[in-house]
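Participant: Handing you a structure now.
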Amino acid sequence: MVWASAELCHRANMTIEYGVWGLRLALGVVFGLSAAGKFADLSGTRKAVGEFGIPIRWVPAAAWALPVVEALVAVGLLPPWTAAAAALVAVGLLLVFTAAVALLLRRGKHPACSCFGAASSAPIGVRTLVRNAVLILLAAVAVVGALRYSRIPEVLPVDRAVGMAVVAVFTAVSIWLWGEVRVLRRRLDQQALSTLGAEGLPPGAVAPEFELLSVAGGRTSLAELLAPGRYLLMVFVHPGCEMCAALARELPRWQSRTRQALTIAVVGNGEVPAHEVWGREQGLGDIPVLVQQGNEAALRYRVRGTPSGVLITAEGRLAAPVARGAMAIRDLIQIAKHESGQAITSENGQTVSNTA
């Protein structure tokens, strides 16, 4: 009985030791990827540092110092004699970053995170705070683990400790390559957009089909958005664009006033969760938010910038040239109101003729 109890205690202790080592490796991968991404995209790092409120004269130094510190943390988490200090520095970095994010969100600003360089161009949001909270908790546990089990990984079997390290390195390389593929795809899309010729398709042209991810779940096609007797306004946005955010906050009001003549859909680029949070923050309500995985819709419609609008008739043809900017997009709504044969609801709830 005593032997069985001792065996159980030994196994539990070994499980904790493996957990401490695995946690340190995981944090090392996170900070290593963050440092590598920032070094690979120093211009983007400088831009992000400036948008987070660092004085201009300190931006170049901060853009270099931040990935250097992150790289030192990633390396420092491995040896047992530096693990606790490195994990403590990780906690400090995450706390400072989280405080900066919370301050920017409170001011209504959503700059791109650039946490992992060019591969992470999504704007900051509540999701960023949640992610940082999880990382802070893990880093704090790593501090305690490094102090409590100060001889890890020396006390672990060499083959197991090395094997876990190899898995961590393989995971880091795989994530890095995945990020590089995303960056390459984005650059190819940008190059394709720059060689399309004139912006936009000519009025009267057949609207190209598409099938995009929806924040509501599943995929949505052009055919599903078109409705008899109603125009479709596709508004191309980017969550990191302040002009897009200002325009998005106007869309629900426009939609409520033109619901009988017009359907509005928002088209973005990037990650579905980021657009879901962004749409909720802008109060888009029931306006569909669709997400391109590259720039597939923008390429087909020859849309080169944001915010831009494309107006499509109920028959699936382009009703006007591409509109760039809030004022031009508002003009597209006037076109839909003028040419639609249905009545429009005014702001005070009365029904008026669109020809009035």
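Starting from 1 in every chain, residues are counted up; chains themselves are A, B, ... following the order of the structure tokens, and ligands are numbered from 1 as listed.
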Please return as a PDB file with C-alpha atoms, in the first residue's frame: the residues of segment 16-127 of chain A that backbone DSSP assigns to helix (DSSP H, G or I).
Facilitator:
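Written out: result_24.pdb:
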```
ATOM      1  CA  ILE A  16       4.039  18.323 -13.012  1.00  0.00           C
ATOM      2  CA  GLU A  17       7.693  18.434 -14.039  1.00  0.00           C
ATOM      3  CA  TYR A  18       6.818  17.613 -17.633  1.00  0.00           C
ATOM      4  CA  GLY A  19       4.096  20.273 -17.468  1.00  0.00           C
ATOM      5  CA  VAL A  20       6.552  22.907 -16.221  1.00  0.00           C
ATOM      6  CA  TRP A  21       9.005  22.064 -18.999  1.00  0.00           C
ATOM      7  CA  GLY A  22       6.257  22.044 -21.621  1.00  0.00           C
ATOM      8  CA  LEU A  23       4.944  25.393 -20.415  1.00  0.00           C
ATOM      9  CA  ARG A  24       8.380  26.975 -20.605  1.00  0.00           C
ATOM     10  CA  LEU A  25       8.841  25.593 -24.117  1.00  0.00           C
ATOM     11  CA  ALA A  26       5.429  26.910 -25.203  1.00  0.00           C
ATOM     12  CA  LEU A  27       6.185  30.398 -23.877  1.00  0.00           C
ATOM     13  CA  GLY A  28       9.578  30.234 -25.543  1.00  0.00           C
ATOM     14  CA  VAL A  29       7.879  29.467 -28.875  1.00  0.00           C
ATOM     15  CA  VAL A  30       5.454  32.392 -28.449  1.00  0.00           C
ATOM     16  CA  PHE A  31       8.153  34.932 -27.600  1.00  0.00           C
ATOM     17  CA  GLY A  32      10.549  33.499 -30.179  1.00  0.00           C
ATOM     18  CA  LEU A  33       7.976  33.806 -32.954  1.00  0.00           C
ATOM     19  CA  SER A  34       7.092  37.306 -31.789  1.00  0.00           C
ATOM     20  CA  ALA A  35      10.720  38.398 -31.892  1.00  0.00           C
ATOM     21  CA  ALA A  36      11.377  36.766 -35.280  1.00  0.00           C
ATOM     22  CA  GLY A  37       8.263  38.331 -36.794  1.00  0.00           C
ATOM     23  CA  LYS A  38       9.224  41.798 -35.595  1.00  0.00           C
ATOM     24  CA  PHE A  39      12.802  41.456 -36.858  1.00  0.00           C
ATOM     25  CA  ALA A  40      11.498  40.311 -40.262  1.00  0.00           C
ATOM     26  CA  LEU A  42      11.001  46.183 -38.838  1.00  0.00           C
ATOM     27  CA  SER A  43       9.104  48.837 -40.800  1.00  0.00           C
ATOM     28  CA  GLY A  44       5.796  47.393 -39.607  1.00  0.00           C
ATOM     29  CA  THR A  45       7.191  47.148 -36.080  1.00  0.00           C
ATOM     30  CA  ARG A  46       8.200  50.819 -36.118  1.00  0.00           C
ATOM     31  CA  LYS A  47       4.735  51.773 -37.353  1.00  0.00           C
ATOM     32  CA  ALA A  48       3.028  49.695 -34.641  1.00  0.00           C
ATOM     33  CA  VAL A  49       5.293  51.086 -31.906  1.00  0.00           C
ATOM     34  CA  GLY A  50       4.458  54.632 -33.006  1.00  0.00           C
ATOM     35  CA  GLU A  51       0.718  53.912 -33.047  1.00  0.00           C
ATOM     36  CA  ILE A  56       8.641  59.592 -32.342  1.00  0.00           C
ATOM     37  CA  ARG A  57      12.269  60.084 -31.298  1.00  0.00           C
ATOM     38  CA  TRP A  58      12.206  56.786 -29.395  1.00  0.00           C
ATOM     39  CA  VAL A  59      10.398  54.718 -32.043  1.00  0.00           C
ATOM     40  CA  PRO A  60      13.498  53.356 -33.876  1.00  0.00           C
ATOM     41  CA  ALA A  61      15.199  52.317 -30.609  1.00  0.00           C
ATOM     42  CA  ALA A  62      12.010  50.777 -29.216  1.00  0.00           C
ATOM     43  CA  ALA A  63      11.370  48.894 -32.463  1.00  0.00           C
ATOM     44  CA  TRP A  64      14.796  47.233 -32.062  1.00  0.00           C
ATOM     45  CA  ALA A  65      14.777  46.817 -28.300  1.00  0.00           C
ATOM     46  CA  LEU A  66      11.397  45.080 -28.103  1.00  0.00           C
ATOM     47  CA  PRO A  67      12.232  42.049 -30.301  1.00  0.00           C
ATOM     48  CA  VAL A  68      15.685  41.820 -28.679  1.00  0.00           C
ATOM     49  CA  VAL A  69      14.105  41.550 -25.222  1.00  0.00           C
ATOM     50  CA  GLU A  70      11.557  39.026 -26.530  1.00  0.00           C
ATOM     51  CA  ALA A  71      14.330  36.916 -28.046  1.00  0.00           C
ATOM     52  CA  LEU A  72      16.253  36.988 -24.753  1.00  0.00           C
ATOM     53  CA  VAL A  73      13.097  35.896 -22.916  1.00  0.00           C
ATOM     54  CA  ALA A  74      12.583  33.009 -25.359  1.00  0.00           C
ATOM     55  CA  VAL A  75      16.165  31.792 -24.853  1.00  0.00           C
ATOM     56  CA  GLY A  76      16.162  32.505 -21.109  1.00  0.00           C
ATOM     57  CA  ALA A  83      13.948  30.442 -16.433  1.00  0.00           C
ATOM     58  CA  ALA A  84      12.336  32.217 -13.465  1.00  0.00           C
ATOM     59  CA  ALA A  85      13.829  35.616 -14.364  1.00  0.00           C
ATOM     60  CA  ALA A  86      12.865  35.227 -18.033  1.00  0.00           C
ATOM     61  CA  ALA A  87       9.288  34.263 -17.126  1.00  0.00           C
ATOM     62  CA  LEU A  88       9.080  37.271 -14.795  1.00  0.00           C
ATOM     63  CA  VAL A  89      10.225  39.593 -17.597  1.00  0.00           C
ATOM     64  CA  ALA A  90       7.582  37.969 -19.827  1.00  0.00           C
ATOM     65  CA  VAL A  91       4.914  38.820 -17.253  1.00  0.00           C
ATOM     66  CA  GLY A  92       6.128  42.426 -17.166  1.00  0.00           C
ATOM     67  CA  LEU A  93       6.123  42.799 -20.957  1.00  0.00           C
ATOM     68  CA  LEU A  94       2.639  41.349 -21.232  1.00  0.00           C
ATOM     69  CA  LEU A  95       1.296  43.590 -18.465  1.00  0.00           C
ATOM     70  CA  VAL A  96       2.685  46.730 -20.125  1.00  0.00           C
ATOM     71  CA  PHE A  97       1.359  45.678 -23.526  1.00  0.00           C
ATOM     72  CA  THR A  98      -2.076  44.827 -22.107  1.00  0.00           C
ATOM     73  CA  ALA A  99      -2.305  48.192 -20.349  1.00  0.00           C
ATOM     74  CA  ALA A 100      -1.420  49.969 -23.612  1.00  0.00           C
ATOM     75  CA  VAL A 101      -4.059  47.989 -25.519  1.00  0.00           C
ATOM     76  CA  ALA A 102      -6.727  48.745 -22.906  1.00  0.00           C
ATOM     77  CA  LEU A 103      -5.874  52.466 -23.038  1.00  0.00           C
ATOM     78  CA  LEU A 104      -6.083  52.574 -26.851  1.00  0.00           C
ATOM     79  CA  LEU A 105      -9.386  50.686 -26.884  1.00  0.00           C
ATOM     80  CA  ARG A 106     -10.789  53.096 -24.303  1.00  0.00           C
ATOM     81  CA  GLY A 117       5.274  40.979 -37.549  1.00  0.00           C
ATOM     82  CA  ALA A 118       3.601  41.146 -40.949  1.00  0.00           C
ATOM     83  CA  ALA A 119       1.775  37.876 -40.289  1.00  0.00           C
ATOM     84  CA  VAL A 126     -11.186  42.604 -26.829  1.00  0.00           C
ATOM     85  CA  ARG A 127      -9.753  39.388 -28.233  1.00  0.00           C
TER      86      ARG A 127
END
```
Participant: Where does segment 263-349 of chain A meet segment 239-250 of chain A within 10 Å, residue by residue, with the nearest atom pair and distance in Å to one decimal for each, counting only C-alpha atoms, listed by chain and rising number, as a tab-separated table?
Facilitator:
```
residue	atom	partner	partner_atom	distance
A:Val266	CA	A:Ala248	CA	8.4
A:Gly268	CA	A:Pro239	CA	7.4
A:Asn269	CA	A:Pro239	CA	8.3
A:Gly270	CA	A:Pro239	CA	8.9
A:Ala274	CA	A:Pro239	CA	7.9
A:His275	CA	A:Pro239	CA	6.8
A:Val277	CA	A:Pro239	CA	9.6
A:Trp278	CA	A:Pro239	CA	6.4
A:Gly279	CA	A:Ala248	CA	8.1
A:Glu281	CA	A:Arg249	CA	8.9
A:Gln282	CA	A:Arg249	CA	5.2
A:Gly283	CA	A:Arg249	CA	6.4
A:Leu284	CA	A:Arg249	CA	6.9
A:Ile287	CA	A:Ala248	CA	10.0
A:Thr306	CA	A:Cys244	CA	6.8
A:Pro307	CA	A:Cys244	CA	5.3
A:Ser308	CA	A:Cys244	CA	8.9
A:Gly325	CA	A:Met243	CA	8.1
A:Ala326	CA	A:Leu247	CA	6.1
A:Met327	CA	A:Leu247	CA	9.4
A:Ile329	CA	A:Leu247	CA	9.2
A:Arg330	CA	A:Leu247	CA	9.7
```
Participant: Using only C-alpha atoms, pick whichever of A:Arg185, A:Leu77, A:Val166, A:Glu339 has the shortest atom-to-atom distance to Val143 of chain A.
Facilitator: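 Closest to Val143 of chain A, using only C-alpha atoms: A:Leu77.
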Participant: Select, from A:Pro153, A:Leu213, A:Ala314, A:Met234, the residue with the minimum atom-to-atom distance to Gly294 of chain A, counting only C-alpha atoms.
Facilitator: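 Closest candidate: A:Leu213.
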Participant: Nearest to Ala216 of chain A among A:His238, A:Trp254, A:Val291, A:Leu156, with distances taken over only C-alpha atoms: which residue is it?
Facilitator: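 Among the listed residues, the smallest separation from Ala216 of chain A belongs to A:Val291.
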